[in-house]
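**Q** The file below is upload_3.cif, mmCIF, C-alpha atoms and all ligand atoms:
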```
data_final
loop_
_atom_site.label_atom_id
_atom_site.label_comp_id
_atom_site.auth_asym_id
_atom_site.auth_seq_id
_atom_site.Cartn_x
_atom_site.Cartn_y
_atom_site.Cartn_z
CA MET I 1 39.96 -1.09 46.20
CA GLY I 2 43.08 0.88 47.06
CA ASP I 3 46.48 0.15 48.47
CA ARG I 4 46.66 -2.08 51.49
CA SER I 5 48.28 -0.62 54.56
CA LEU I 6 48.88 -1.98 58.02
CA ILE I 7 48.34 0.35 60.98
CA ARG I 8 49.78 -1.07 64.20
CA PRO I 9 49.21 1.37 67.08
CA ILE I 10 49.33 0.52 70.78
CA GLY I 11 45.54 0.51 70.74
CA VAL I 12 42.34 1.46 68.93
CA VAL I 13 39.30 3.27 70.34
CA LEU I 14 36.25 1.06 69.73
CA GLU I 15 32.85 2.43 70.81
CA GLY I 16 34.63 4.93 73.04
CA ARG I 17 36.83 2.30 74.73
CA LEU I 18 40.59 2.18 74.17
CA GLU I 19 41.39 -1.46 73.34
CA LEU I 20 45.10 -2.24 73.56
CA GLY I 21 46.81 -4.78 71.32
CA VAL I 22 44.66 -4.21 68.23
CA GLU I 23 45.88 -3.41 64.71
CA LEU I 24 44.09 -2.42 61.51
CA LEU I 25 44.48 -3.47 57.92
CA LEU I 26 43.22 -0.80 55.50
CA GLU I 27 42.40 -1.15 51.83
CA GLY I 28 42.49 2.41 50.63
CA ARG I 29 40.28 4.16 53.16
CA THR I 30 38.27 1.09 54.05
CA ILE I 31 38.94 -1.02 57.13
CA ALA I 32 39.53 -4.55 55.82
CA GLU I 33 40.51 -6.20 59.06
CA LEU I 34 40.70 -5.55 62.78
CA ARG I 35 42.93 -8.07 64.54
CA PRO I 36 45.32 -8.69 67.45
CA HIS I 37 48.87 -7.36 67.10
CA THR I 38 51.09 -9.36 64.78
CA GLY I 39 54.25 -7.44 65.68
CA VAL I 40 55.67 -4.60 67.74
CA PRO I 41 53.34 -1.58 67.85
CA GLU I 42 54.21 2.05 67.24
CA PRO I 43 53.62 4.56 70.07
CA PHE I 44 50.28 6.09 69.09
CA VAL I 45 46.54 5.41 69.38
CA VAL I 46 43.90 5.25 66.62
CA SER I 47 40.40 6.69 66.99
CA PRO I 48 37.55 7.56 64.67
CA ALA I 49 37.91 11.26 63.81
CA PHE I 50 35.74 13.64 65.82
CA VAL I 51 32.24 14.73 64.93
CA ASN I 52 31.63 18.31 66.04
CA ALA I 53 27.88 18.24 66.64
CA HIS I 54 27.39 22.00 66.93
CA SER I 55 29.44 24.82 65.46
CA HIS I 56 29.20 28.43 64.26
CA LEU I 57 32.33 28.84 62.15
CA GLU I 58 31.52 32.42 61.16
CA TYR I 59 31.80 33.68 64.77
CA ARG I 60 35.51 32.82 64.92
CA THR I 61 36.38 36.44 64.13
CA LEU I 62 34.68 37.50 67.38
CA LEU I 63 36.90 35.34 69.59
CA GLY I 64 37.97 37.37 72.63
CA ARG I 65 35.83 40.34 71.63
CA VAL I 66 32.65 39.44 73.54
CA GLU I 67 32.91 39.03 77.29
CA GLY I 68 31.08 36.02 78.80
CA GLY I 69 29.11 35.96 82.04
CA ASP I 70 25.39 35.78 81.53
CA PHE I 71 23.83 34.29 78.41
CA TRP I 72 21.41 37.16 77.73
CA GLU I 73 23.97 39.92 78.27
CA TRP I 74 26.43 38.02 76.09
CA ILE I 75 24.04 37.73 73.16
CA GLN I 76 23.17 41.45 73.46
CA ARG I 77 26.89 42.27 73.22
CA LEU I 78 27.48 39.77 70.40
CA LEU I 79 24.78 40.82 67.96
CA PRO I 80 25.91 44.39 67.18
CA GLN I 81 29.48 43.15 66.66
CA LYS I 82 28.25 40.41 64.37
CA ARG I 83 26.21 42.86 62.33
CA ARG I 84 29.33 44.96 61.73
CA LEU I 85 31.31 42.06 60.22
CA THR I 86 31.77 42.17 56.46
CA GLU I 87 31.24 39.00 54.45
CA GLU I 88 35.00 38.88 53.81
CA GLU I 89 35.80 39.04 57.57
CA SER I 90 33.22 36.34 58.28
CA LEU I 91 34.58 34.12 55.54
CA GLN I 92 38.14 34.51 56.79
CA GLY I 93 37.04 33.70 60.34
CA ALA I 94 35.02 30.71 59.18
CA ALA I 95 37.93 29.45 57.09
CA LEU I 96 40.26 29.68 60.11
CA ALA I 97 37.77 27.89 62.39
CA ALA I 98 37.30 25.17 59.77
CA ARG I 99 41.07 24.64 59.57
CA GLU I 100 41.31 24.54 63.37
CA ASN I 101 38.55 21.94 63.49
CA ARG I 102 40.34 19.82 60.92
CA ALA I 103 43.75 20.19 62.57
CA SER I 104 42.32 19.10 65.92
CA GLY I 105 40.84 15.88 64.51
CA VAL I 106 37.32 16.88 63.40
CA ALA I 107 36.19 15.35 60.10
CA TRP I 108 32.45 15.98 60.27
CA LEU I 109 30.73 19.15 61.34
CA VAL I 110 27.15 20.09 62.19
CA GLU I 111 27.19 23.78 61.34
CA HIS I 112 24.73 26.56 62.07
CA SER I 113 25.10 29.21 59.42
CA ASP I 114 23.58 32.64 59.23
CA LEU I 115 25.82 34.41 56.72
CA PRO I 116 26.40 32.18 53.69
CA VAL I 117 30.11 31.48 54.27
CA SER I 118 30.25 28.14 56.08
CA VAL I 119 30.00 25.77 53.18
CA ARG I 120 32.94 27.35 51.38
CA ALA I 121 35.01 27.28 54.56
CA MET I 122 34.19 23.61 55.20
CA ARG I 123 35.04 22.57 51.64
CA ALA I 124 38.33 24.46 51.73
CA ALA I 125 39.36 22.68 54.96
CA GLY I 126 38.27 19.24 53.72
CA LEU I 127 35.43 18.89 56.23
CA SER I 128 32.23 16.97 55.58
CA GLY I 129 28.98 17.41 57.44
CA ILE I 130 25.66 19.15 57.36
CA VAL I 131 24.74 22.83 57.39
CA PHE I 132 21.64 24.34 58.98
CA GLN I 133 20.75 27.75 57.59
CA GLU I 134 19.32 29.74 60.49
CA THR I 135 15.84 31.19 60.29
CA ILE I 136 15.01 34.10 62.65
CA THR I 137 11.58 35.74 62.40
CA LEU I 138 11.72 38.17 65.36
CA ARG I 139 10.81 41.09 63.09
CA GLU I 140 8.42 39.10 60.88
CA TRP I 141 6.45 37.43 63.72
CA GLU I 142 2.98 37.94 62.24
CA SER I 143 3.78 37.27 58.57
CA PRO I 144 6.94 35.18 58.33
CA GLU I 145 6.34 33.50 54.94
CA PRO I 146 8.50 35.87 52.80
CA LEU I 147 11.35 35.46 55.30
CA ARG I 148 11.09 31.67 55.10
CA ASP I 149 11.36 31.93 51.31
CA ARG I 150 14.41 34.16 51.66
CA VAL I 151 16.17 31.66 53.92
CA ALA I 152 15.29 28.83 51.54
CA GLY I 153 16.92 30.88 48.76
CA ILE I 154 20.11 31.35 50.81
CA ALA I 155 20.18 27.62 51.54
CA ARG I 156 19.89 26.88 47.82
CA SER I 157 22.68 29.32 46.98
CA HIS I 158 24.90 27.54 49.50
CA ALA I 159 23.94 24.18 48.13
CA ALA I 160 25.27 25.09 44.69
CA ALA I 161 28.80 25.15 46.15
CA ALA I 162 28.21 22.42 48.69
CA GLU I 163 29.40 19.35 46.76
CA GLY I 164 27.74 16.81 48.98
CA ILE I 165 27.22 18.94 52.09
CA PRO I 166 23.44 19.13 52.58
CA VAL I 167 22.03 22.52 53.60
CA PHE I 168 18.69 22.69 55.42
CA PRO I 169 16.81 25.82 56.51
CA SER I 170 16.30 25.50 60.26
CA PRO I 171 14.75 27.46 63.14
CA HIS I 172 17.24 29.30 65.38
CA SER I 173 15.42 28.96 68.73
CA PRO I 174 11.96 29.06 70.36
CA TYR I 175 12.46 32.73 71.31
CA THR I 176 13.61 34.01 67.91
CA VAL I 177 11.16 32.13 65.66
CA ASP I 178 7.37 32.61 65.62
CA PRO I 179 5.10 29.67 66.52
CA SER I 180 3.65 29.17 63.03
CA THR I 181 7.15 28.88 61.51
CA LEU I 182 8.22 26.50 64.30
CA GLN I 183 5.20 24.35 63.55
CA TRP I 184 5.92 24.51 59.82
CA PHE I 185 9.43 23.17 60.50
CA GLY I 186 7.97 20.58 62.85
CA GLU I 187 5.61 19.26 60.20
CA SER I 188 8.19 19.39 57.38
CA GLY I 189 9.76 16.09 58.49
CA ARG I 190 13.13 17.41 57.29
CA PRO I 191 16.28 17.54 59.44
CA VAL I 192 16.34 20.58 61.72
CA SER I 193 18.68 21.84 64.41
CA ILE I 194 17.46 24.31 67.01
CA HIS I 195 18.90 25.91 70.16
CA VAL I 196 16.68 24.81 73.09
CA ALA I 197 16.71 25.70 76.80
CA GLU I 198 20.22 27.13 76.67
CA SER I 199 19.36 29.50 79.54
CA VAL I 200 16.65 29.71 82.19
CA HIS I 201 15.11 32.66 80.33
CA GLU I 202 13.08 30.54 77.90
CA ARG I 203 11.16 28.84 80.70
CA ARG I 204 10.69 32.13 82.56
CA TRP I 205 9.21 33.72 79.43
CA LEU I 206 6.96 30.82 78.43
CA ALA I 207 5.82 29.67 81.88
CA GLU I 208 5.75 32.90 83.86
CA GLY I 209 5.88 35.80 81.40
CA VAL I 210 8.89 37.37 83.11
CA GLY I 211 12.56 38.01 82.33
CA PRO I 212 14.43 39.51 79.39
CA MET I 213 12.78 37.34 76.73
CA ALA I 214 9.35 38.29 78.03
CA GLU I 215 10.38 41.97 77.91
CA LEU I 216 11.71 41.59 74.36
CA HIS I 217 8.48 40.08 73.10
CA GLN I 218 6.26 42.49 75.01
CA GLY I 219 8.23 45.33 73.44
CA LEU I 220 7.63 43.87 69.98
CA GLY I 221 3.92 43.36 70.73
CA HIS I 222 3.98 39.54 70.45
CA ALA I 223 1.46 37.43 72.35
CA ARG I 224 3.13 35.02 74.78
CA PRO I 225 2.86 31.36 73.83
CA GLU I 226 2.16 29.75 77.20
CA ALA I 227 3.98 26.54 78.02
CA GLN I 228 5.59 24.83 81.01
CA SER I 229 8.99 24.92 79.34
CA ALA I 230 10.69 25.32 75.96
CA THR I 231 10.67 21.53 75.63
CA GLN I 232 6.91 21.27 76.12
CA TYR I 233 6.34 24.22 73.77
CA LEU I 234 8.39 22.70 70.92
CA ALA I 235 6.91 19.24 71.48
CA ARG I 236 3.44 20.76 71.02
CA LEU I 237 4.61 22.29 67.71
CA GLY I 238 5.90 18.96 66.34
CA LEU I 239 9.60 19.71 66.74
CA CYS I 240 10.34 16.92 69.21
CA ARG I 241 10.79 14.18 66.64
CA PRO I 242 13.39 12.04 64.89
CA GLY I 243 15.52 14.24 62.62
CA ALA I 244 15.45 17.14 65.07
CA GLN I 245 18.68 18.05 66.87
CA TRP I 246 18.21 20.11 70.04
CA VAL I 247 21.28 22.12 70.96
CA HIS I 248 22.24 22.81 74.61
CA CYS I 249 19.22 21.50 76.60
CA CYS I 250 20.62 22.96 79.83
CA ASP I 251 17.40 23.94 81.58
CA LEU I 252 15.47 20.65 81.57
CA ASP I 253 13.36 19.02 84.27
CA ASP I 254 12.61 15.30 84.43
CA GLU I 255 9.42 15.69 82.43
CA ASP I 256 11.38 17.45 79.67
CA VAL I 257 13.93 14.62 79.58
CA ALA I 258 11.12 12.07 79.22
CA THR I 259 9.46 14.16 76.50
CA ILE I 260 12.68 14.41 74.44
CA ALA I 261 13.27 10.66 74.75
CA ARG I 262 9.68 9.82 73.80
CA GLY I 263 9.73 12.18 70.81
CA GLY I 264 13.04 10.87 69.45
CA ALA I 265 14.92 14.18 69.16
CA ALA I 266 18.71 14.19 69.57
CA VAL I 267 20.79 16.56 71.70
CA ALA I 268 24.07 18.45 71.16
CA HIS I 269 26.07 19.19 74.31
CA CYS I 270 28.37 22.27 74.32
CA PRO I 271 30.15 22.28 77.70
CA ARG I 272 32.60 25.17 77.25
CA SER I 273 30.03 27.57 75.85
CA ASN I 274 27.53 26.63 78.56
CA ARG I 275 30.04 27.28 81.31
CA ALA I 276 31.21 30.59 79.77
CA LEU I 277 27.62 31.87 79.61
CA GLY I 278 26.53 30.71 83.05
CA CYS I 279 23.99 28.18 81.75
CA PRO I 280 22.63 25.42 84.02
CA ALA I 281 24.47 22.08 83.73
CA ALA I 282 22.77 19.94 81.07
CA PRO I 283 21.54 16.57 82.46
CA ILE I 284 23.46 14.56 79.87
CA ARG I 285 23.60 11.28 81.77
CA ARG I 286 19.86 11.34 82.39
CA LEU I 287 19.20 12.06 78.70
CA ARG I 288 21.42 9.20 77.54
CA GLU I 289 19.98 6.79 80.09
CA ALA I 290 16.53 7.69 78.75
CA GLY I 291 17.76 6.68 75.27
CA VAL I 292 18.52 10.10 73.74
CA ALA I 293 21.53 10.24 71.37
CA VAL I 294 23.88 13.04 72.41
CA GLY I 295 26.66 14.60 70.34
CA MET I 296 29.42 16.95 71.51
CA GLY I 297 29.80 20.40 70.00
CA THR I 298 32.19 23.32 70.30
CA ASP I 299 29.50 25.97 69.64
CA SER I 300 31.04 29.31 68.62
CA ALA I 301 34.55 30.53 69.30
CA ALA I 302 32.99 33.78 70.56
CA SER I 303 31.74 31.94 73.65
CA ALA I 304 33.86 28.77 73.85
CA GLY I 305 37.29 29.69 72.44
CA VAL I 306 39.32 27.97 69.73
CA PRO I 307 37.64 24.69 68.63
CA ASP I 308 39.11 21.83 70.68
CA MET I 309 37.14 18.63 71.25
CA PHE I 310 39.53 17.48 74.00
CA GLU I 311 38.71 20.56 76.07
CA GLU I 312 35.00 19.91 75.50
CA MET I 313 35.32 16.30 76.65
CA ARG I 314 37.29 17.25 79.76
CA LEU I 315 34.74 19.87 80.73
CA ALA I 316 31.84 17.52 79.97
CA LEU I 317 33.30 15.14 82.55
CA GLU I 318 33.80 17.95 85.05
CA LEU I 319 30.30 19.39 84.65
CA SER I 320 28.71 15.96 84.95
CA ARG I 321 30.62 15.32 88.18
CA GLU I 322 29.60 18.69 89.58
CA LEU I 323 25.99 17.83 88.80
CA GLY I 324 26.38 14.55 90.68
CA GLU I 325 25.55 12.58 87.52
CA PRO I 326 29.03 11.61 86.35
CA LEU I 327 29.76 10.54 82.80
CA THR I 328 32.70 8.27 82.00
CA ALA I 329 35.56 9.02 79.62
CA GLU I 330 34.09 6.32 77.34
CA ASP I 331 30.75 8.17 77.34
CA VAL I 332 32.24 11.49 76.29
CA TRP I 333 34.55 9.93 73.68
CA THR I 334 31.67 8.15 71.98
CA MET I 335 29.59 11.35 72.12
CA ALA I 336 32.46 13.15 70.37
CA THR I 337 32.65 10.47 67.67
CA THR I 338 30.23 7.62 66.90
CA GLU I 339 27.20 8.78 68.86
CA GLY I 340 27.61 12.33 67.55
CA ALA I 341 27.36 11.05 63.97
CA ARG I 342 24.38 8.83 64.80
CA SER I 343 22.60 11.66 66.61
CA VAL I 344 22.19 13.64 63.38
CA GLY I 345 21.73 10.73 60.96
CA GLY I 346 25.35 10.99 59.75
CA PRO I 347 27.46 8.18 58.31
CA ASP I 348 28.23 5.00 60.26
CA TRP I 349 31.16 6.10 62.40
CA ARG I 350 32.22 2.79 63.98
CA ILE I 351 35.63 1.25 63.49
CA GLN I 352 34.78 -2.16 62.06
CA PRO I 353 35.52 -4.18 58.92
CA GLY I 354 33.90 -2.58 55.86
CA SER I 355 33.75 0.88 57.41
CA SER I 356 35.42 3.91 55.81
CA VAL I 357 35.18 6.13 58.88
CA PRO I 358 37.93 8.81 58.83
CA LEU I 359 40.70 7.86 61.25
CA ILE I 360 43.02 9.96 63.39
CA GLY I 361 46.18 8.99 65.21
CA LEU I 362 46.99 10.42 68.63
CA ASN I 363 50.62 10.75 69.72
CA LEU I 364 49.85 9.78 73.31
CA PRO I 365 52.21 6.87 73.98
CA ASP I 366 51.43 6.75 77.72
CA ALA I 367 47.67 6.29 77.26
CA ARG I 368 46.36 2.98 78.57
CA GLU I 369 42.65 3.75 78.85
CA THR I 370 40.17 6.26 77.47
CA GLU I 371 40.43 8.45 80.56
CA ASP I 372 44.13 9.02 79.67
CA LEU I 373 43.17 10.06 76.14
CA VAL I 374 40.65 12.58 77.46
CA GLN I 375 43.00 14.01 80.08
CA LEU I 376 46.18 14.09 77.95
CA GLY I 377 44.59 14.84 74.57
CA ARG I 378 45.34 18.08 72.73
CA PRO I 379 45.12 19.20 69.11
CA GLU I 380 48.92 19.06 68.70
CA ALA I 381 48.85 15.31 69.38
CA VAL I 382 46.56 14.65 66.40
CA PHE I 383 47.64 13.39 63.00
CA TRP I 384 45.50 12.08 60.17
CA ILE I 385 45.54 8.46 59.06
CA SER I 386 42.63 8.62 56.61
CA GLY I 387 40.83 11.93 56.21
CA PRO I 388 37.33 12.57 54.98
CA ALA I 389 36.78 11.63 51.34
ZN ZN V 401 24.77 27.66 68.76
#
```
Give the structure from the file, written as structure tokens.
Ligand SMILES: [Zn+2]
**A**
Amino acid sequence: MGDRSLIRPIGVVLEGRLELGVELLLEGRTIAELRPHTGVPEPFVVSPAFVNAHSHLEYRTLLGRVEGGDFWEWIQRLLPQKRRLTEEESLQGAALAARENRASGVAWLVEHSDLPVSVRAMRAAGLSGIVFQETITLREWESPEPLRDRVAGIARSHAAAAEGIPVFPSPHSPYTVDPSTLQWFGESGRPVSIHVAESVHERRWLAEGVGPMAELHQGLGHARPEAQSATQYLARLGLCRPGAQWVHCCDLDDEDVATIARGGAAVAHCPRSNRALGCPAAPIRRLREAGVAVGMGTDSAASAGVPDMFEEMRLALELSRELGEPLTAEDVWTMATTEGARSVGGPDWRIQPGSSVPLIGLNLPDARETEDLVQLGRPEAVFWISGPA
């Protein structure tokens, strides 16, 4: 039990929908009561804080240094720059990105970490969440076990400083991790997060044996795992299951959508990064209609720019309209909050009595419906009502 406080905004976002005329009674950080206005409201709106379902804090330093365009060319330009970063530069970049996330209303972060700097950056900015320590076995394709042990060691070293942020070793992608390690992660039953079908190149490699990924693996002497698509390949290896988060999922056909829904994997949608790298538009409405939980992520600043969930939501709407499968403002708001948390087994993120979900206020006095919040929202409008514990 803490102090009781009355929050009387013009409205509260419940399950993605802005409901006017509602006020909140808090006891400490816990919502004690949700009720109709009992007096004159103040000119702001209350929402659950954002859940950033996919982030690479450590790439913040590379913002503006890697030109977009095509996914494969981008990653070829990114990697040498990333290798040149010192741990201190990465930590400073990660710390800045973590502060930017927090300042723009994010309380909970699903972070992909390669260098071991993310956990410290998250703690320093007061962010909660989950960290996936990336495993890449491109150079250890035939005998990846020692590399797996090394990644597990890094995850443990993180965990010592994590104070409640779980750290799980996780496979980076179908094209950077060998099949036996993918299967090992599939069978582990533990939470994993993996980039899937971000570009068309995965399908071209697996199904046809052509394109830059095919050339990469031919050059390294790796046999081609044949599959119709990245989705079908990972499903065969046990990675399409509850507890698995699939990031991007741009290049999916209807069979892939049905496979993901049947398997129970969740999806993270990263609109700004996908547009910057020329990726196909992810079929988010079809995935959600099939029952897949979808979160919203900023991905890395190197592709998407400064973390800003409002920009992601606006572009998610735009991309869905371009695809002819429009999402609503309520859809994207819930993906950026409650559904994002649910998609990765996070805490209950609903605003309801008994809940301690972190709350933000939005200085958007003219907002009357969720669409207004999405269109008018910006980090500068955010203030914290109750931050993460
Ligand atoms: Zn990513």
**Q** Which is closer to Trp384 in chain I than all the others in I:Gly64, I:Gly211, I:Pro358, I:Gly28, using only C-alpha atoms?
**A**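 Selected residue with least distance to Trp384 in chain I: I:Pro358.
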**Q** Compare I:Val267, I:Ala258, I:Leu147, I:Ala162 by their minimum atom-to-atom distance to Arg123 in chain I, counting all atoms listed in the file, and give me the closest one.
**A** I:Ala162
**Q** Mind giving me the straight-line distance from CA of Arg314 in chain I to CA of Ala124 in chain I in Å, one decimal?
**A**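 These atoms are spaced 29.0 Å apart.
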**Q** What residues of the protein or nucleic acid chains come within 7 Å of ligand ZN 401 (chain V) when you use only C-alpha atoms and all ligand atoms? Reply as a PyMOL selection string.
**A** chain I and resi 54-56+112+195+247+299-300
**Q** Restricting the calculation to only C-alpha atoms, which member of I:Phe132, I:Trp108, I:Phe50, I:Tyr59 is positioned closest to Arg190 in chain I?
**A**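 Among the listed residues, I:Phe132 lies closest to Arg190 in chain I.
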**Q** Could you give me, as a list in words, the residues that sit within 9 Å of (35.9, 10.5, 78.1) in the file's coordinates, counting all atoms listed in the file?
**A**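 Answer for this query, in the requested form: Gly16, Arg17, Phe310, Met313, Arg314, Ala316, Leu317, Leu327, Thr328, Ala329, Glu330, Asp331, Val332, Trp333, Thr334, Met335, Ala336, Thr370, Glu371, Asp372, Leu373, Val374 and Gln375 of chain I.
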**Q** Counting all atoms listed in the file, which of I:Val196, I:Leu6, I:Val45, I:Ala227 gets nearest to Ala268 in chain I?
**A**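 Of all the options, I:Val196 lies closest to Ala268 in chain I.
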**Q** Every residue with an atom at most 8 Å from (6.2, 32.1, 69.1) (file coordinates; all atoms listed in the file) is what I'm after, so could you write them as a ChimeraX atom specification?
**A** /I:141,174-180,182,222-225
**Q** Using all atoms listed in the file, determine which residues lie at most 9 Å from range 73-86 of chain I, disregarding the query and same-chain residues fewer than 2 positions distant; provide the list as a VMD selection string.
**A** chain I and resid 59 61 to 62 65 to 71 88 to 91 277 302 to 303
